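This report refers to the structure that appears directly beneath it.
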Amino acid sequence: MFPQTLPAPRRPLKNQIPALRWGIVGPGWIADHFANALRHHTQQQLVAVSSRSLEKAQAFASKWDIPHAVEGLDALLSRQDIDVVYIATPHNHHFPDGLRTLQAGKHVLIEKPLALNAQQALQLQQEAHKQQRLCVEAMWCDFAPKYDVIRQLLADGALGDVHTLIADHGEYFTQDHRIFNLDLAGGPMLDLGSYLIGFSVLVGGAPDSIVAQGQPAPGGVNGQTSMLLTHGNGMHSVLNTTLFSNTPGTAVIAGRDATLYLDGQFYAPGNFRLTSSDGRHTLRWEEPTNRYIQLCHEIEHTAWCIHQGLLDSPVRPLATSLATLHAMDEVRKQIGVVFNEERTA
């Protein structure tokens with residue numbers, strides 16, 4: 001039966017979110033948005049920032065009124081006044097930096113992707129279990145109110161049997177962008193494609209089979225990939241990601257009883273509509289496109305998990321991160337993409 005209203009997004013109570021002391025590793029572009037969301041939209045505390053360049057760490061600390069700027073990860077991890085660490089270094093540093101953070105006994109929120117591949121992610125999961133510390137992948141869309149409403153609609157069966165998911169994520173990048181850098185695990189899969197595959201896993205579960213076709217870009221990285229994923233519930237995911245062009249970035253979840261249309265970019269704050277298959281009923285979700293302000297949700301969720309004594313996120317459990325990386329590993333295998341770190345492993 002088509003719902004009369006959309007479900008309300010679920011949020012933890014403010015009194016269940018302690019003000020924890022955070023450290024940031026890697027003061028780059030995404031860390032800048034993270035610091036802004038934390039500083040102005042949560043009660044959390046920024047205590048220290050580390051970078052390989054002390055000058056860069058000091059500039060970031062000055063901008064965001066962070067008391068301590070240090071050079072190198074170890075200097076930050078040795079501090080006793082840090083409860084949880086946010087890893088925002090380049091993709092190929094997520095695994096080693098996350099592993100060292102867990103080994104130092106700190107909780108950790110690792111920017112997506114959690115690691116370069118599923119084998120690395122498994123090591124992080126094992127180390128988190130060994131240290132009895134929380135490890136969360138910062139797949140920011142999963143923690144946003146919009147995605148919680150979508151999860152509830154799916155769980156309630158509002159769409160009926162879901163047969164098709166269609167999504168794309170293409171952006172134009174200049175040749176000097178890091179995404180074309182082979183030494184930084186470039187290509188669209190870890191940046192753009194992770195949103196696509198993560199969304200398909202959220203809706204249909206881990207895929208049973210994958211067919212992928214790639215197209216190279218200058219510099220030796222993959223430039224475009226199209227994928228067909230089949231899932232255990234019978235759903236097909238038709239996905240495309242590209243570095244060559246701006247695409248609509250929309251997504252569709254098509255069920256027997258209703259279809260969910262997400263405006264582009266589907267993973268970011270924005271609108272969607274749920275329309276019954278007979279076209280007689282439509283419900284709309286509308287929100288400001290305040291984008292990276294919504295990083296506050298992953299920040300507060302991490303603090304809430306720590307306060308609850310949880311060792312895995314109920315919203316983005318490590319098993320889901322592993323399933324996403326397993327799928328991306330298979331896509332890369334089919335299109336012939338091997339990262340430098342995997343060649344020397």
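Scheme for the structure tokens: letters A, B, ... for chains in order shown; per-chain residue numbers from 1; ligand numbers from 1 in order shown.
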Counting only C-alpha atoms, which residues in stretch 229-335 of chain A sit no more than 9 Å from stretch 25-47 of chain A? For each one, give the nearest pair of atoms and the distance in Å, sorted by chain then residue number, as a Markdown table.
| residue | atom | partner | partner_atom | distance |
| --- | --- | --- | --- | --- |
| A:Tyr292 | CA | A:His33 | CA | 6.0 |
| A:Ile293 | CA | A:Ala37 | CA | 5.0 |
| A:Gln294 | CA | A:Ala37 | CA | 7.0 |
| A:Leu295 | CA | A:Ala37 | CA | 5.9 |
| A:Cys296 | CA | A:Ala37 | CA | 5.2 |
| A:His297 | CA | A:Thr42 | CA | 8.8 |
| A:Ile299 | CA | A:Leu38 | CA | 7.0 |
| A:Glu300 | CA | A:Thr42 | CA | 7.1 |
| A:Ala303 | CA | A:Gln44 | CA | 8.3 |
* Find the residues near A:Glu298: any atom within 10 Å, counting only C-alpha atoms, skip ones fewer than 5 places away on the same chain, and give them as a list in words. =>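 Near A:Glu298, the qualifying residues are Phe34, Leu38, Leu109, Val136, Glu137, Ala138, Met139, Trp140, Cys141, Asp142, Phe143, Ala144, Ala303, Trp304, Val315 and Arg316 of chain A.
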* Those of stretch 118-339 of chain A in DSSP strand (DSSP E), formatted as a ChimeraX atom specification -> /A:135-138,162-170,207-216,222-231,236-242,251-255,258-262,272-276,282-285
* To do: Would you please work out which residue, of A:Gln334, A:Thr259, A:Gln308, A:Thr320, is nearest to A:Pro113 when using only C-alpha atoms?
  =>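 Looking at the shortest contact to A:Pro113, the residue is A:Thr320.
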* Write out as a PyMOL selection string the residues lying within 7 Å of stretch 150-164 of chain A, counting only C-alpha atoms and excluding same-chain residues fewer than 3 positions away. => chain A and resi 1-3+7+146-147+234-237+253-259
* To do: Find the spatial neighbours of A:Pro96, counting only C-alpha atoms, within a cut-off of 10 Å - ignore same-chain residues fewer than 5 positions away - and output them as a VMD selection string.
  => chain A and resid 101 115 120 124
* Within 10 Å of A:Gln103 using only C-alpha atoms, minus same-chain residues under 6 positions, as a list in words ->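 Residues near the query, excluding close chain neighbours: Leu77, Asp97, Leu124, Glu127, Ala128, Lys130, Gln131 and Arg133 of chain A.
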Serialized selection, C-alpha atoms, as an mmCIF file, in the first residue's frame:
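Generated file (out38.cif):
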data_model
loop_
_atom_site.group_PDB
_atom_site.id
_atom_site.type_symbol
_atom_site.label_atom_id
_atom_site.label_comp_id
_atom_site.auth_asym_id
_atom_site.auth_seq_id
_atom_site.Cartn_x
_atom_site.Cartn_y
_atom_site.Cartn_z
ATOM 1 C CA LEU A 77 48.447 9.502 18.034
ATOM 2 C CA ASP A 97 46.924 5.525 8.632
ATOM 3 C CA LEU A 124 41.144 -2.924 9.604
ATOM 4 C CA GLU A 127 42.458 -4.776 14.174
ATOM 5 C CA ALA A 128 39.393 -2.867 15.390
ATOM 6 C CA LYS A 130 41.476 -6.816 18.514
ATOM 7 C CA GLN A 131 41.770 -3.334 20.003
ATOM 8 C CA ARG A 133 37.799 0.185 19.130
#
* Asked: To one decimal place, how far is atom CA of A:Thr275 from atom CA of A:Thr289 in Å?
  ->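 Separation between atom CA of A:Thr275 and atom CA of A:Thr289: 21.8 Å.
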* **Expected answer as a list in words: helix (DSSP H, G or I) residues in stretch 27-61 of chain A** =>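 DSSP on the backbone gives helix (DSSP H, G or I) at Trp29, Ile30, Ala31, Asp32, His33, Phe34, Ala35, Asn36, Ala37, Leu38, Arg39, His40, His41, Leu54, Glu55, Lys56, Ala57, Gln58, Ala59, Phe60 and Ala61 of chain A.
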Taking N, CA, C and O atoms for each residue, export the selection above as a compact mmCIF listing (two decimals), in the first residue's frame.
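Contents of again.txt, as written:
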# COMPACT_ATOMS: atom_id res chain seq x y z
N TRP A 29 41.19 19.24 1.34
CA TRP A 29 39.90 19.81 0.93
C TRP A 29 38.73 19.24 1.73
O TRP A 29 37.90 19.98 2.26
N ILE A 30 38.64 17.92 1.85
CA ILE A 30 37.50 17.33 2.56
C ILE A 30 37.60 17.58 4.06
O ILE A 30 36.59 17.78 4.74
N ALA A 31 38.83 17.62 4.60
CA ALA A 31 39.01 17.92 6.02
C ALA A 31 38.53 19.33 6.33
O ALA A 31 38.04 19.61 7.43
N ASP A 32 38.68 20.25 5.37
CA ASP A 32 38.20 21.61 5.55
C ASP A 32 36.69 21.63 5.73
O ASP A 32 36.16 22.29 6.64
N HIS A 33 35.97 20.89 4.88
CA HIS A 33 34.51 20.79 5.03
C HIS A 33 34.14 20.08 6.33
O HIS A 33 33.16 20.44 6.99
N PHE A 34 34.91 19.06 6.69
CA PHE A 34 34.66 18.31 7.93
C PHE A 34 34.80 19.23 9.15
O PHE A 34 33.94 19.23 10.04
N ALA A 35 35.88 20.02 9.17
CA ALA A 35 36.11 20.92 10.30
C ALA A 35 34.99 21.95 10.41
O ALA A 35 34.54 22.28 11.52
N ASN A 36 34.53 22.46 9.28
CA ASN A 36 33.44 23.42 9.28
C ASN A 36 32.16 22.81 9.85
O ASN A 36 31.47 23.41 10.69
N ALA A 37 31.83 21.59 9.40
CA ALA A 37 30.62 20.92 9.91
C ALA A 37 30.74 20.63 11.39
O ALA A 37 29.79 20.82 12.16
N LEU A 38 31.90 20.16 11.81
CA LEU A 38 32.10 19.83 13.24
C LEU A 38 32.02 21.09 14.09
O LEU A 38 31.35 21.11 15.12
N ARG A 39 32.72 22.15 13.64
CA ARG A 39 32.83 23.37 14.45
C ARG A 39 31.49 24.08 14.59
O ARG A 39 31.14 24.58 15.66
N HIS A 40 30.71 24.13 13.51
CA HIS A 40 29.52 24.98 13.50
C HIS A 40 28.20 24.22 13.62
O HIS A 40 27.15 24.85 13.79
N HIS A 41 28.24 22.88 13.53
CA HIS A 41 26.98 22.14 13.52
C HIS A 41 26.97 20.94 14.47
O HIS A 41 26.06 20.11 14.40
N LEU A 54 54.33 20.56 8.73
CA LEU A 54 53.93 21.29 9.93
C LEU A 54 53.32 22.64 9.58
O LEU A 54 52.34 23.07 10.20
N GLU A 55 53.84 23.28 8.55
CA GLU A 55 53.32 24.57 8.13
C GLU A 55 51.86 24.44 7.69
O GLU A 55 51.02 25.29 8.02
N LYS A 56 51.55 23.39 6.95
CA LYS A 56 50.17 23.18 6.50
C LYS A 56 49.26 22.89 7.70
O LYS A 56 48.12 23.39 7.76
N ALA A 57 49.73 22.08 8.64
CA ALA A 57 48.94 21.79 9.84
C ALA A 57 48.68 23.06 10.64
O ALA A 57 47.57 23.29 11.15
N GLN A 58 49.68 23.91 10.75
CA GLN A 58 49.53 25.16 11.52
C GLN A 58 48.53 26.10 10.85
O GLN A 58 47.73 26.75 11.53
N ALA A 59 48.57 26.17 9.52
CA ALA A 59 47.62 27.03 8.80
C ALA A 59 46.19 26.54 9.00
O ALA A 59 45.26 27.34 9.20
N PHE A 60 46.00 25.22 8.94
CA PHE A 60 44.67 24.64 9.14
C PHE A 60 44.20 24.88 10.58
O PHE A 60 43.04 25.23 10.81
N ALA A 61 45.10 24.69 11.54
CA ALA A 61 44.76 24.90 12.94
C ALA A 61 44.36 26.34 13.21
O ALA A 61 43.41 26.62 13.96
* Please provide as a ChimeraX atom specification all residues within 8 Å of A:Val70, with the sequence filter that same-chain residues fewer than 2 positions apart are discarded (counting only C-alpha atoms). => /A:48-51,54,57-58,68,72,75-76
Could you save the residues just selected, with N, CA, C and O atoms, as a PDB file, in the first residue's frame?
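Saved to part-v1.pdb:
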ATOM      1  N   ALA A  48      43.390  18.597  17.781  1.00  0.00           N
ATOM      2  CA  ALA A  48      44.687  18.584  17.105  1.00  0.00           C
ATOM      3  C   ALA A  48      44.524  18.218  15.634  1.00  0.00           C
ATOM      4  O   ALA A  48      43.572  17.531  15.254  1.00  0.00           O
ATOM      5  N   VAL A  49      45.470  18.670  14.828  1.00  0.00           N
ATOM      6  CA  VAL A  49      45.523  18.315  13.414  1.00  0.00           C
ATOM      7  C   VAL A  49      46.958  17.965  13.075  1.00  0.00           C
ATOM      8  O   VAL A  49      47.899  18.597  13.564  1.00  0.00           O
ATOM      9  N   SER A  50      47.143  16.936  12.249  1.00  0.00           N
ATOM     10  CA  SER A  50      48.489  16.539  11.838  1.00  0.00           C
ATOM     11  C   SER A  50      48.595  16.533  10.322  1.00  0.00           C
ATOM     12  O   SER A  50      47.630  16.267   9.609  1.00  0.00           O
ATOM     13  N   SER A  51      49.787  16.823   9.848  1.00  0.00           N
ATOM     14  CA  SER A  51      50.110  16.782   8.432  1.00  0.00           C
ATOM     15  C   SER A  51      51.583  16.432   8.302  1.00  0.00           C
ATOM     16  O   SER A  51      52.367  16.599   9.243  1.00  0.00           O
ATOM     17  N   LEU A  54      54.333  20.556   8.733  1.00  0.00           N
ATOM     18  CA  LEU A  54      53.932  21.286   9.933  1.00  0.00           C
ATOM     19  C   LEU A  54      53.319  22.636   9.578  1.00  0.00           C
ATOM     20  O   LEU A  54      52.341  23.069  10.199  1.00  0.00           O
ATOM     21  N   ALA A  57      49.733  22.084   8.642  1.00  0.00           N
ATOM     22  CA  ALA A  57      48.940  21.793   9.841  1.00  0.00           C
ATOM     23  C   ALA A  57      48.682  23.059  10.642  1.00  0.00           C
ATOM     24  O   ALA A  57      47.572  23.287  11.151  1.00  0.00           O
ATOM     25  N   GLN A  58      49.677  23.915  10.751  1.00  0.00           N
ATOM     26  CA  GLN A  58      49.528  25.157  11.518  1.00  0.00           C
ATOM     27  C   GLN A  58      48.534  26.104  10.847  1.00  0.00           C
ATOM     28  O   GLN A  58      47.733  26.754  11.531  1.00  0.00           O
ATOM     29  N   HIS A  68      46.171  22.505  18.722  1.00  0.00           N
ATOM     30  CA  HIS A  68      47.460  21.864  18.500  1.00  0.00           C
ATOM     31  C   HIS A  68      47.629  21.468  17.031  1.00  0.00           C
ATOM     32  O   HIS A  68      46.742  20.832  16.439  1.00  0.00           O
ATOM     33  N   GLY A  72      53.221  14.900  11.342  1.00  0.00           N
ATOM     34  CA  GLY A  72      53.240  13.445  11.300  1.00  0.00           C
ATOM     35  C   GLY A  72      52.150  12.804  12.148  1.00  0.00           C
ATOM     36  O   GLY A  72      51.696  13.359  13.152  1.00  0.00           O
ATOM     37  N   ALA A  75      52.877  11.813  16.024  1.00  0.00           N
ATOM     38  CA  ALA A  75      52.798  12.907  16.994  1.00  0.00           C
ATOM     39  C   ALA A  75      51.369  13.139  17.455  1.00  0.00           C
ATOM     40  O   ALA A  75      51.128  13.487  18.620  1.00  0.00           O
ATOM     41  N   LEU A  76      50.419  12.940  16.551  1.00  0.00           N
ATOM     42  CA  LEU A  76      49.017  13.094  16.938  1.00  0.00           C
ATOM     43  C   LEU A  76      48.540  11.903  17.765  1.00  0.00           C
ATOM     44  O   LEU A  76      47.852  12.071  18.775  1.00  0.00           O
TER      45      LEU A  76
END
* Structure fact -> Computed gap from atom CA of A:Arg10 to atom CA of A:Ser200 is 21.6 Å
* To do: Could you please determine the separation between atom CA of A:Asp208 and atom CA of A:Phe266 in Å, to one decimal place?
  =>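 We find that atom CA of A:Asp208 and atom CA of A:Phe266 lie 23.9 Å from each other.
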* May I ask which of the residues A:Gly105, A:Gly249, A:Pro12, A:Gly223 is the closest one to A:Gln175, counting only C-alpha atoms? =>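 With only C-alpha atoms as the atom set, the closest residue is A:Gly223.
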* Looking at A:Gln265, A:Ser194, A:Gln80, A:Asn92, which one is nearest to A:Ala323, with distances taken over only C-alpha atoms? ->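 So, comparing all the options, the nearest one is A:Ser194.
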* **From A:Asn233, A:His169, A:Phe199, A:Leu182, residue lying nearest A:Asn246 [only C-alpha atoms]** =>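 Checking each candidate against A:Asn246, we get A:His169 as the closest.
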* Asked: So which one's closest to A:Lys14, A:His307, A:Lys333, A:His231, A:Lys106? Using only C-alpha atoms, please.
  ->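 Among the listed residues, A:His307 lies closest to A:Lys14.
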